[in-house]
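Student: Supplied in structure tokens, the structure appears directly below.
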Amino acid sequence: MAELPETPLLDELEKGPWPSFVKEIKVAARHKEACRDLLGQLERSYREKIGHWKHGGIVGVLGYGGGVIGRYSDLPEDFPAISHFHTLRVNQPSGWFYTSEVLRKLCDMWEEHGSGLTNMHGSTGDIILLGTSTPELEPTFKGLTDLGFDLGGSGSDVRTPSCCVGPARCEWACYDTLKLTYDLTMSYQDELHRPMFPYKWKFKMAGCPNDCVASIARADMSIIGTWKDDIQQNDEEVKKYAEAGLDIQRDVVENCPGRCMSWDGEKLTIDNRFCRRCMHCINVMPKALAPGKERGATILIGSKAPIVEGALLSSVFIPFMNPDDPEEVAELKEIVEEIWDVWSEEGKNRERVGEFIQRVGMGNFLEAIGMEPVPEMVAHPRENPYVFYALDEEEEEDEDEDE
Amino acid sequence: MSEPASVDEVAEAMYQQVKAAQGQKKLKPGDLTKMMIELFGDRVDKKLCKKAIRKLIESERCVYTYFGGSFIELPHKEGAEN
């Protein structure tokens with residue numbers, strides 16, 4: 001068995017009750033030279049307080065511009081086995097459902113062509129295969145496609161669409177997130193594999209306002225499940241929660257951001273007109289409350305994490321639609337393509353669509369994509385909408401009032 | 001209306017632009033599309049430019065590269081690889 005390098009600093013990360021990536025790399029390092037060099041380089045980075053990776057450049061598989069992230073060591077003489085250590089993003093199945101058989105095959109394939117190290121899953125949602133050399137990229141890609149997988153997105157393209165588990169395991173799902181994710185993934189294969197935008201574009205599908213995929217903070221287009229009618233309420237179950245010791249006044253009513261609830265010790269009353277769909281009451285009393293029956297999704301636009309510029313949260317773009325209706329999805333795709341056209345034409349290099357909207361103004365953006373502003377286009381519930389009016393219209397109104 | 005340009009014709013024009021810019025300016029697919037529209041006028045549209053880019057990449061005359069964003073360049077030995 002190969003000897004591992006001395007790693008006193010990394011060893012510290014193995015202490016404590018939590019799982020440790022160091023422990024896993026050490027297991028792999030027993031039979032993979034690349035993993036031994038990875039430990040060595042990482043220890044050196046910790047010691048010198050400097051990263052030793054170079055990132056980017058040309059790497060990819062034939063015909064694709066995304067899915068492979070080039071990574072090179074800047075100490076190739078000291079750590080030759082990781083002089084190339086490219087990452088592959090693999091398009092995950094919607095909702096991350098696998099058979100154990102396919103996972104074993106995937107790991108075997110990766111042991112053969114790469115380091116054997118994986119990240120299940122990356123923050124993008126993809127399966128991340130960590131560490132291979134340039135000559136092994138095409139064989140890995142073939143191995144993946146033989147198993148029915150494809151590469152995901154990277155660079156200035158549509159990133160791999162991702163979603164929560166949706167109706168497959170969650171009763172609160174307001175639409176079929178898995179189906180929409182699959183549909184968008186298949187519809188936009190060209191945009192996913194061939195970078196053509198000013199910067200990345202992310203779709204994230206969340207089945208309810210709990211937003212388990214954090215789409216409102218990360219996706220250029222967040223598709224978040226919601227409902228139009230009243231919260232479904234089972235008074236008997238509410239009582240059971242109270243009898244079991246839940247302080248409904250303190251833990252439910254007083255935490256409602258819309259102040260739309262009252263509790264008289266016997267009955268919970270909800271004024272649904274003021275519900276902000278925050279899900280708090282439903283999360284606290286899942287047996288008693290549930291989203292309404294008239295379900296669909298709100299489409300939001302423009303969020304991003306703080307790379308290049310600061311973070312943005314997405315804001316309402318289409319207040320309500322039904323993603324389970326193919327006709328409405330077709331309309332959504334038309335809008336998406338219109339946005340891509342305008343953004344590709346006018347967007348600056350590395351400018352996300354949210355930043356683009358901030359720069360040109362929401363009014364101009366809506367006009368460019370041919371959409372009418374509506375009052376529900378808000379950044380937060382119960383906030384003032386973006387206000388759009390032309391100066392001459394205002395003057396006309398003033399004149400009308402004067403008359 | 002003039003005769004539409006062929007995919008090969010546009011791909012070749014794109015290749016020449018990439019070649020001329022190599023080492024001086026990194027071109028994005030969007031830049032190439034705008035250049036082609038300027039060059040060919042109404043003989044090309046965005047769809048045709050997309051096809052031409054695909055042809056360029058699949059023929060291996062050009063490659064996608066990543067430096068903060070995605071670009072199209074001539075194949076070369078990767079600097080980071082040295």
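We name chains A, B, ... following the order of the structure tokens; residues begin at 1 in each chain, and ligands are numbered from 1 as shown.
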Run DSSP on the backbone and tell me which residues of range 64-285 of chain A come out as strand (DSSP E); list them as a PyMOL selection string.

Tutor: chain A and resi 68-69+71-73+87-90+117-120+127-130+162-163+203-206+221-227+232-233+261-263+268-270

Student: I'd like the contact shell of Gly354 in chain A - 10 Å cut-off, only C-alpha atoms, skipping same-chain residues fewer than 5 positions apart - returned as a ChimeraX atom specification.

Tutor: /A:219-221,301-304,311-315,359,362

Student: So that I can check the surroundings of Pro4 in chain B, please list as a list in words every protein, DNA and RNA residue that reaches within 9 Å of it, counting only C-alpha atoms and ignoring chain neighbours fewer than 2 positions away.

Tutor: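 In the requested format, the answer is Met1, Ser2, Ser6, Phe40, Asp42, Arg43, Val44 and Asp45 of chain B.
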
Student: Write the residues of the preceding selection, restricted to N, CA, C and O atoms, as an mmCIF file, in the first residue's frame.

Tutor:
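Listing of out38.cif after writing:
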data_model
loop_
_atom_site.group_PDB
_atom_site.id
_atom_site.type_symbol
_atom_site.label_atom_id
_atom_site.label_comp_id
_atom_site.auth_asym_id
_atom_site.auth_seq_id
_atom_site.Cartn_x
_atom_site.Cartn_y
_atom_site.Cartn_z
ATOM 1 N N MET B 1 -34.730 40.649 -51.864
ATOM 2 C CA MET B 1 -33.798 40.295 -50.784
ATOM 3 C C MET B 1 -32.651 39.449 -51.336
ATOM 4 O O MET B 1 -32.861 38.617 -52.220
ATOM 5 N N SER B 2 -31.456 39.674 -50.831
ATOM 6 C CA SER B 2 -30.307 38.929 -51.359
ATOM 7 C C SER B 2 -30.321 37.471 -50.911
ATOM 8 O O SER B 2 -30.967 37.106 -49.939
ATOM 9 N N SER B 6 -24.246 30.902 -47.063
ATOM 10 C CA SER B 6 -24.225 29.491 -46.651
ATOM 11 C C SER B 6 -23.521 29.373 -45.296
ATOM 12 O O SER B 6 -22.740 30.250 -44.904
ATOM 13 N N PHE B 40 -22.290 40.539 -43.468
ATOM 14 C CA PHE B 40 -23.175 39.956 -44.487
ATOM 15 C C PHE B 40 -24.536 40.662 -44.595
ATOM 16 O O PHE B 40 -25.303 40.365 -45.498
ATOM 17 N N ASP B 42 -28.297 41.472 -44.445
ATOM 18 C CA ASP B 42 -29.490 40.612 -44.299
ATOM 19 C C ASP B 42 -29.295 39.214 -44.904
ATOM 20 O O ASP B 42 -30.234 38.434 -44.991
ATOM 21 N N ARG B 43 -28.086 38.890 -45.313
ATOM 22 C CA ARG B 43 -27.826 37.531 -45.823
ATOM 23 C C ARG B 43 -27.633 36.527 -44.678
ATOM 24 O O ARG B 43 -27.564 35.328 -44.910
ATOM 25 N N VAL B 44 -27.490 37.028 -43.462
ATOM 26 C CA VAL B 44 -27.364 36.113 -42.309
ATOM 27 C C VAL B 44 -28.340 36.509 -41.205
ATOM 28 O O VAL B 44 -28.809 37.646 -41.161
ATOM 29 N N ASP B 45 -28.671 35.553 -40.375
ATOM 30 C CA ASP B 45 -29.410 35.857 -39.151
ATOM 31 C C ASP B 45 -28.747 35.098 -37.997
ATOM 32 O O ASP B 45 -27.770 34.367 -38.206
#

Student: Contacts of Ile37 in chain B at 12 Å or less, counting only C-alpha atoms, minus same-chain residues fewer than 5 places along, as a list in words?

Tutor: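 My list of contacting residues is Glu345 of chain A; Pro4, Ala5, Val10, Ala13, Met14, Gly30, Asp31, Leu32, Asp42, Arg43, Val44, Asp45, Lys46, Lys47, Leu48 and Cys49 of chain B.
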
Student: Within 6 Å of chain A, which residues belong to chain B? Use only C-alpha atoms and report them as a CSV table (one decimal) with N, CA, C and O atoms, in the first residue's frame.

Tutor:
chain,number,residue,atom,x,y,z
B,29,PRO,N,-19.0,34.2,-28.7
B,29,PRO,CA,-19.9,33.9,-29.8
B,29,PRO,C,-20.8,35.1,-30.2
B,29,PRO,O,-21.1,35.3,-31.4
B,57,ILE,N,-16.7,24.7,-34.5
B,57,ILE,CA,-16.3,23.9,-33.3
B,57,ILE,C,-16.2,22.4,-33.6
B,57,ILE,O,-15.2,21.8,-33.3
B,58,GLU,N,-17.2,21.9,-34.3
B,58,GLU,CA,-17.2,20.5,-34.6
B,58,GLU,C,-16.1,20.1,-35.6
B,58,GLU,O,-15.7,18.9,-35.6
B,64,TYR,N,-13.8,26.2,-27.9
B,64,TYR,CA,-14.3,27.1,-26.8
B,64,TYR,C,-13.2,27.2,-25.7
B,64,TYR,O,-12.5,26.2,-25.4
B,65,THR,N,-13.0,28.4,-25.2
B,65,THR,CA,-12.1,28.5,-24.0
B,65,THR,C,-12.9,29.3,-22.9
B,65,THR,O,-13.9,29.9,-23.2
B,66,TYR,N,-12.3,29.2,-21.7
B,66,TYR,CA,-12.9,29.9,-20.6
B,66,TYR,C,-11.9,30.7,-19.9
B,66,TYR,O,-10.9,30.2,-19.4
B,67,PHE,N,-12.2,32.0,-19.8
B,67,PHE,CA,-11.4,32.9,-19.0
B,67,PHE,C,-12.3,33.9,-18.3
B,67,PHE,O,-12.5,35.0,-18.7
B,69,GLY,N,-15.3,34.2,-18.7
B,69,GLY,CA,-16.5,33.9,-19.5
B,69,GLY,C,-16.0,33.0,-20.6
B,69,GLY,O,-14.9,32.6,-20.7
B,70,SER,N,-16.9,32.6,-21.5
B,70,SER,CA,-16.6,31.7,-22.6
B,70,SER,C,-16.3,32.4,-23.9
B,70,SER,O,-16.9,33.4,-24.2

Student: Mind listing the alpha helix (DSSP H) residues of chain B, per DSSP on the backbone, as a PyMOL selection string?

Tutor: chain B and resi 7-21+29-40+46-58

Student: Those selected residues, please, written with C-alpha atoms and delivered as a PDB file, in the first residue's frame.

Tutor:
ATOM      1  CA  VAL B   7     -23.149  28.033 -43.307  1.00  0.00           C
ATOM      2  CA  ASP B   8     -19.711  27.263 -44.772  1.00  0.00           C
ATOM      3  CA  GLU B   9     -19.290  30.810 -46.007  1.00  0.00           C
ATOM      4  CA  VAL B  10     -20.163  32.285 -42.619  1.00  0.00           C
ATOM      5  CA  ALA B  11     -18.031  29.728 -40.763  1.00  0.00           C
ATOM      6  CA  GLU B  12     -15.043  30.673 -42.913  1.00  0.00           C
ATOM      7  CA  ALA B  13     -15.616  34.394 -42.284  1.00  0.00           C
ATOM      8  CA  MET B  14     -15.858  33.708 -38.563  1.00  0.00           C
ATOM      9  CA  TYR B  15     -12.660  31.685 -38.676  1.00  0.00           C
ATOM     10  CA  GLN B  16     -10.848  34.584 -40.321  1.00  0.00           C
ATOM     11  CA  GLN B  17     -12.072  36.960 -37.598  1.00  0.00           C
ATOM     12  CA  VAL B  18     -10.962  34.591 -34.834  1.00  0.00           C
ATOM     13  CA  LYS B  19      -7.596  34.121 -36.528  1.00  0.00           C
ATOM     14  CA  ALA B  20      -7.083  37.870 -36.880  1.00  0.00           C
ATOM     15  CA  ALA B  21      -7.989  38.468 -33.246  1.00  0.00           C
ATOM     16  CA  PRO B  29     -19.945  33.875 -29.824  1.00  0.00           C
ATOM     17  CA  GLY B  30     -22.097  37.005 -29.542  1.00  0.00           C
ATOM     18  CA  ASP B  31     -19.256  39.167 -30.868  1.00  0.00           C
ATOM     19  CA  LEU B  32     -18.860  36.881 -33.873  1.00  0.00           C
ATOM     20  CA  THR B  33     -22.580  36.968 -34.554  1.00  0.00           C
ATOM     21  CA  LYS B  34     -22.602  40.770 -34.494  1.00  0.00           C
ATOM     22  CA  MET B  35     -19.554  40.843 -36.810  1.00  0.00           C
ATOM     23  CA  MET B  36     -21.253  38.533 -39.291  1.00  0.00           C
ATOM     24  CA  ILE B  37     -24.437  40.586 -39.317  1.00  0.00           C
ATOM     25  CA  GLU B  38     -22.325  43.637 -40.036  1.00  0.00           C
ATOM     26  CA  LEU B  39     -20.376  41.822 -42.735  1.00  0.00           C
ATOM     27  CA  PHE B  40     -23.175  39.956 -44.487  1.00  0.00           C
ATOM     28  CA  LYS B  46     -28.640  34.682 -35.618  1.00  0.00           C
ATOM     29  CA  LYS B  47     -29.770  31.122 -36.349  1.00  0.00           C
ATOM     30  CA  LEU B  48     -27.393  30.813 -39.271  1.00  0.00           C
ATOM     31  CA  CYS B  49     -24.560  32.230 -37.160  1.00  0.00           C
ATOM     32  CA  LYS B  50     -25.276  29.608 -34.489  1.00  0.00           C
ATOM     33  CA  LYS B  51     -24.996  26.874 -37.107  1.00  0.00           C
ATOM     34  CA  ALA B  52     -21.748  28.351 -38.385  1.00  0.00           C
ATOM     35  CA  ILE B  53     -20.265  28.415 -34.857  1.00  0.00           C
ATOM     36  CA  ARG B  54     -21.286  24.821 -34.367  1.00  0.00           C
ATOM     37  CA  LYS B  55     -19.603  23.900 -37.624  1.00  0.00           C
ATOM     38  CA  LEU B  56     -16.417  25.727 -36.622  1.00  0.00           C
ATOM     39  CA  ILE B  57     -16.250  23.911 -33.298  1.00  0.00           C
ATOM     40  CA  GLU B  58     -17.199  20.475 -34.573  1.00  0.00           C
TER      41      GLU B  58
END

Student: Between A:Glu337, A:Glu254, A:Glu367, A:Asp230, which has the minimum distance to Arg273 in chain A (counting only C-alpha atoms)?

Tutor: A:Asp230
